[in-house]
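Heads up, the thing below is written out as structure tokens.
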Amino acid sequence: MSSAFQPAAATSSAASIEIMPIGRQHIAGFHAAVDRVAKERRYLAMLEAPSLTRTRRFVLDSLKAGAVHRVAVADGDVVGWCDLRPKTAATLRHTAVLGMGIVAAYRGQGIGSRMLATTLEMAAARGIRRSELIVRVDNAAAIALYRRFGFVDEGTCRNYMRVDGVDYDALLMARLER
Ligand SMILES: CC(C)(COP(=O)(O)OP(=O)(O)OC[C@H]1O[C@@H](n2cnc3c(N)ncnc32)[C@H](O)[C@@H]1OP(=O)(O)O)[C@@H](O)C(=O)NCCC(=O)NCCS
């Protein structure tokens, strides 16, 4: 994986990028990819990745709990992720929360669509009936992607995020499996 602090140069064509279930061997690369996207300060709730130790626990715990977690891999480097984690409360286990991101140089090539399609398909097979997420209202690319996959706006979370002293509204979006 390239350094989390250097811009990525996309050297792989989208077709050569593999989408696969996350494994232990991807955890460091996943951590670096999350860190890069978080440090853009525009898309994620976090502004840097949690520690590698916490990230490892997050991945291993969520796999144990039945989450679907895919990564996009280019020449051995993790360049994106898509995870859908079921809620744990007794009445909410049919609901899962989506998170995804792709490092900047690899966006707009259909990788997000490929990851989301396989993640939702696998989640439905595991009994997830509702997928939900919260996205900043100015994240046009993500909102367009989610709408294309059948996510519907359920409401606006006002002043949901605060970055560098500026408040941002966010949309709660959800998709139901029929
Ligand atoms: C959101 C994200 C995952 C989409 O992944 P991607 O690989 O770039 O998406 P795709 O190439 O599959 O494109 C999907 C759709 O996004 C939309 N899209 C892409 N770029 C866009 C832009 N700049 N403005 C509006 N819509 C855009 C298009 O509708 C596109 O569909 P199309 O191919 O029919 O035109 C990616 O942009 C990303 O990682 N963003 C930063 C992190 C983030 O926002 N995560 C989600 C937080 S809720």
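Identifiers in this document derive from the order of the structure tokens: chains are assigned A, B, ..., residues are numbered from 1 separately in each chain, and ligands are numbered from 1 in order of occurrence.
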message: Neighbours of ligand 1 at 7 Å or closer, counting only C-alpha atoms and all ligand atoms: which residues, as JSON, numbers by chain?
response: {"A": [37, 43, 44, 99, 100, 101, 102, 103, 104, 106, 107, 108, 109, 110, 111, 112, 113, 114, 133, 134, 135, 136, 139, 140, 141, 142, 144, 145, 148]}
message: Just want the 7 Å neighbourhood of Ala170 in chain A, counted on only C-alpha atoms, with same-chain residues fewer than 2 positions away dropped. Output as number ranges by chain.
response: A: 134-137, 156-158, 160, 168, 172
field: Contact residues around Ser16 in chain A with only C-alpha atoms at 10 Å, ignoring same-chain residues under 2 positions, as a PyMOL selection string
entry: chain A and resi 12-14+18-19+73-75
For Phe30 in chain A, the nearest of the candidates A:Asp77, A:Asp61, A:Asp138, A:Glu154, counting only C-alpha atoms: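 Closest to Phe30 in chain A of all the choices is A:Asp77.
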message: List as JSON, numbers by chain the protein and nucleic acid residues near Ile27 in chain A, meaning an atom at most 10 Å away when only C-alpha atoms are counted, but skip any in the same chain fewer than 3 places from it.
response: {"A": [22, 23, 24, 30, 31, 32, 33, 52, 53, 55, 56, 57, 58, 59, 60, 71, 78]}
statement: Restricting to only C-alpha atoms, whichever of A:Ala117, A:Leu84, A:Val79, A:Ala124 is closest to Ala67 in chain A is A:Leu84
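Once Ser131 in chain A and its same-chain neighbours fewer than 2 positions away are set aside, Leu84, Arg85, Pro86, His94, Thr95, Ala96, Val97, Leu98, Leu120, Ala123, Ala124, Ile128, Arg129, Leu133, Phe151, Met173, Ala174, Arg175, Leu176 and Glu177 of chain A remain within 10 Å of it when counting only C-alpha atoms.
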Separation of CA of Asp167 in chain A from CA of Ala38 in chain A, in Å and rounded to one decimal: 16.8 Å
How would you write, as a tab-separated table (two decimals) with N, CA and C atoms, in the first residue's frame, the set of residues in range 16-176 of chain A that DSSP gives as strand (DSSP E or B)?
```tsv
chain	number	residue	atom	x	y	z
A	18	GLU	N	-9.71	-5.97	-8.55
A	18	GLU	CA	-10.53	-7.07	-8.04
A	18	GLU	C	-11.33	-6.63	-6.82
A	19	ILE	N	-12.56	-7.09	-6.76
A	19	ILE	CA	-13.39	-6.87	-5.58
A	19	ILE	C	-13.44	-8.19	-4.84
A	20	MET	N	-13.07	-8.18	-3.58
A	20	MET	CA	-13.01	-9.46	-2.84
A	20	MET	C	-13.38	-9.25	-1.37
A	21	PRO	N	-13.77	-10.35	-0.70
A	21	PRO	CA	-14.04	-10.24	0.74
A	21	PRO	C	-12.76	-9.83	1.46
A	68	VAL	N	-20.89	-7.91	5.99
A	68	VAL	CA	-20.30	-8.12	4.67
A	68	VAL	C	-19.28	-7.01	4.49
A	69	HIS	N	-18.08	-7.37	4.12
A	69	HIS	CA	-17.02	-6.36	3.99
A	69	HIS	C	-16.19	-6.72	2.77
A	70	ARG	N	-16.27	-5.87	1.77
A	70	ARG	CA	-15.54	-6.09	0.53
A	70	ARG	C	-14.43	-5.03	0.40
A	71	VAL	N	-13.35	-5.42	-0.27
A	71	VAL	CA	-12.32	-4.43	-0.60
A	71	VAL	C	-12.06	-4.48	-2.10
A	72	ALA	N	-11.61	-3.34	-2.63
A	72	ALA	CA	-11.16	-3.27	-4.03
A	72	ALA	C	-9.64	-3.27	-3.99
A	73	VAL	N	-9.04	-4.17	-4.75
A	73	VAL	CA	-7.59	-4.36	-4.69
A	73	VAL	C	-7.00	-4.13	-6.08
A	74	ALA	N	-6.01	-3.23	-6.15
A	74	ALA	CA	-5.30	-2.94	-7.40
A	74	ALA	C	-3.83	-3.26	-7.20
A	77	ASP	N	-2.73	-3.56	-3.71
A	77	ASP	CA	-3.05	-2.47	-2.78
A	77	ASP	C	-4.55	-2.34	-2.60
A	78	VAL	N	-4.99	-2.11	-1.37
A	78	VAL	CA	-6.41	-1.83	-1.13
A	78	VAL	C	-6.68	-0.38	-1.55
A	79	VAL	N	-7.61	-0.20	-2.50
A	79	VAL	CA	-7.92	1.16	-2.98
A	79	VAL	C	-9.36	1.55	-2.65
A	80	GLY	N	-10.11	0.62	-2.04
A	80	GLY	CA	-11.48	0.97	-1.67
A	80	GLY	C	-12.07	-0.10	-0.77
A	81	TRP	N	-13.17	0.25	-0.13
A	81	TRP	CA	-13.85	-0.71	0.75
A	81	TRP	C	-15.34	-0.44	0.74
A	82	CYS	N	-16.10	-1.44	1.09
A	82	CYS	CA	-17.54	-1.30	1.26
A	82	CYS	C	-17.95	-2.29	2.33
A	83	ASP	N	-18.48	-1.79	3.44
A	83	ASP	CA	-18.89	-2.70	4.51
A	83	ASP	C	-20.32	-2.43	4.92
A	84	LEU	N	-20.98	-3.48	5.30
A	84	LEU	CA	-22.38	-3.42	5.71
A	84	LEU	C	-22.48	-4.22	7.00
A	85	ARG	N	-22.66	-3.51	8.12
A	85	ARG	CA	-22.62	-4.15	9.44
A	85	ARG	C	-24.01	-4.22	10.04
A	86	PRO	N	-24.49	-5.43	10.34
A	86	PRO	CA	-25.81	-5.56	10.97
A	86	PRO	C	-25.81	-4.92	12.35
A	95	THR	N	-31.37	-4.92	10.07
A	95	THR	CA	-30.88	-3.65	9.52
A	95	THR	C	-29.36	-3.63	9.58
A	96	ALA	N	-28.74	-3.12	8.51
A	96	ALA	CA	-27.28	-3.01	8.51
A	96	ALA	C	-26.89	-1.60	8.05
A	97	VAL	N	-25.73	-1.17	8.53
A	97	VAL	CA	-25.25	0.19	8.26
A	97	VAL	C	-24.10	0.12	7.25
A	98	LEU	N	-24.24	0.92	6.21
A	98	LEU	CA	-23.28	0.89	5.11
A	98	LEU	C	-22.18	1.94	5.29
A	99	GLY	N	-20.96	1.53	4.97
A	99	GLY	CA	-19.85	2.48	4.89
A	99	GLY	C	-19.03	2.14	3.66
A	100	MET	N	-18.57	3.15	2.94
A	100	MET	CA	-17.72	2.85	1.79
A	100	MET	C	-16.84	4.02	1.42
A	101	GLY	N	-15.79	3.75	0.69
A	101	GLY	CA	-14.91	4.80	0.20
A	101	GLY	C	-13.89	4.22	-0.78
A	102	ILE	N	-13.43	5.12	-1.64
A	102	ILE	CA	-12.42	4.73	-2.62
A	102	ILE	C	-11.37	5.83	-2.63
A	130	ARG	N	-32.93	-4.33	5.49
A	130	ARG	CA	-32.86	-2.87	5.41
A	130	ARG	C	-31.38	-2.45	5.51
A	131	SER	N	-30.93	-1.64	4.53
A	131	SER	CA	-29.57	-1.10	4.58
A	131	SER	C	-29.70	0.40	4.72
A	132	GLU	N	-28.91	0.99	5.59
A	132	GLU	CA	-29.03	2.44	5.80
A	132	GLU	C	-27.67	3.09	5.91
A	133	LEU	N	-27.67	4.39	5.73
A	133	LEU	CA	-26.42	5.15	5.79
A	133	LEU	C	-26.75	6.63	6.02
A	134	ILE	N	-25.73	7.36	6.41
A	134	ILE	CA	-25.86	8.81	6.52
A	134	ILE	C	-24.75	9.44	5.68
A	135	VAL	N	-25.15	10.39	4.82
A	135	VAL	CA	-24.21	10.97	3.86
A	135	VAL	C	-24.35	12.49	3.87
A	136	ARG	N	-23.22	13.18	3.83
A	136	ARG	CA	-23.26	14.65	3.82
A	136	ARG	C	-24.01	15.14	2.60
A	152	VAL	N	-33.33	5.47	-0.70
A	152	VAL	CA	-34.31	6.55	-0.71
A	152	VAL	C	-34.01	7.48	0.47
A	153	ASP	N	-34.19	8.78	0.24
A	153	ASP	CA	-33.98	9.75	1.33
A	153	ASP	C	-35.05	9.53	2.40
A	154	GLU	N	-34.65	9.48	3.64
A	154	GLU	CA	-35.63	9.33	4.73
A	154	GLU	C	-35.68	10.56	5.63
A	155	GLY	N	-34.75	11.47	5.39
A	155	GLY	CA	-34.79	12.69	6.20
A	155	GLY	C	-33.45	13.38	6.23
A	156	THR	N	-33.48	14.62	6.70
A	156	THR	CA	-32.25	15.40	6.80
A	156	THR	C	-31.85	15.51	8.26
A	157	CYS	N	-30.61	15.16	8.53
A	157	CYS	CA	-30.06	15.32	9.87
A	157	CYS	C	-29.36	16.68	9.88
A	158	ARG	N	-29.98	17.65	10.53
A	158	ARG	CA	-29.47	19.02	10.45
A	158	ARG	C	-28.21	19.20	11.29
A	159	ASN	N	-27.25	19.97	10.73
A	159	ASN	CA	-25.97	20.22	11.40
A	159	ASN	C	-25.35	18.92	11.92
A	160	TYR	N	-25.42	17.90	11.11
A	160	TYR	CA	-25.01	16.56	11.56
A	160	TYR	C	-23.49	16.47	11.76
A	161	MET	N	-22.75	17.12	10.85
A	161	MET	CA	-21.28	17.05	10.95
A	161	MET	C	-20.73	18.46	11.12
A	162	ARG	N	-19.62	18.53	11.84
A	162	ARG	CA	-18.95	19.82	12.01
A	162	ARG	C	-17.49	19.62	11.65
A	163	VAL	N	-17.04	20.31	10.62
A	163	VAL	CA	-15.65	20.17	10.15
A	163	VAL	C	-15.05	21.56	10.04
A	166	VAL	N	-17.37	24.45	10.47
A	166	VAL	CA	-18.53	24.59	9.58
A	166	VAL	C	-19.46	23.39	9.79
A	167	ASP	N	-20.76	23.68	9.92
A	167	ASP	CA	-21.75	22.62	10.09
A	167	ASP	C	-22.27	22.16	8.74
A	168	TYR	N	-22.50	20.85	8.63
A	168	TYR	CA	-23.04	20.28	7.40
A	168	TYR	C	-24.25	19.42	7.73
A	169	ASP	N	-25.32	19.60	6.95
A	169	ASP	CA	-26.45	18.70	7.04
A	169	ASP	C	-26.08	17.36	6.39
A	170	ALA	N	-26.81	16.33	6.75
A	170	ALA	CA	-26.59	15.01	6.15
A	170	ALA	C	-27.94	14.36	5.89
A	171	LEU	N	-27.95	13.46	4.91
A	171	LEU	CA	-29.17	12.72	4.59
A	171	LEU	C	-29.12	11.35	5.23
A	172	LEU	N	-30.23	10.93	5.81
A	172	LEU	CA	-30.41	9.53	6.18
A	172	LEU	C	-31.05	8.86	4.97
A	173	MET	N	-30.39	7.83	4.45
A	173	MET	CA	-30.92	7.11	3.28
A	173	MET	C	-31.03	5.62	3.63
A	174	ALA	N	-32.02	4.97	3.04
A	174	ALA	CA	-32.17	3.53	3.30
A	174	ALA	C	-32.73	2.84	2.08
A	175	ARG	N	-32.43	1.55	2.00
A	175	ARG	CA	-32.94	0.69	0.93
A	175	ARG	C	-33.52	-0.56	1.59
A	176	LEU	N	-34.73	-0.92	1.17
A	176	LEU	CA	-35.36	-2.12	1.69
A	176	LEU	C	-35.24	-3.24	0.67
```
task: Can you work out the spacing between CA of Arg41 in chain A and CA of Gly76 in chain A in Å, to one decimal?
output: 25.9 Å
Sel. of helix (DSSP H, G or I) residues, range 23-109 of chain A, as a PyMOL selection string: chain A and resi 24-38+52-64+104-106
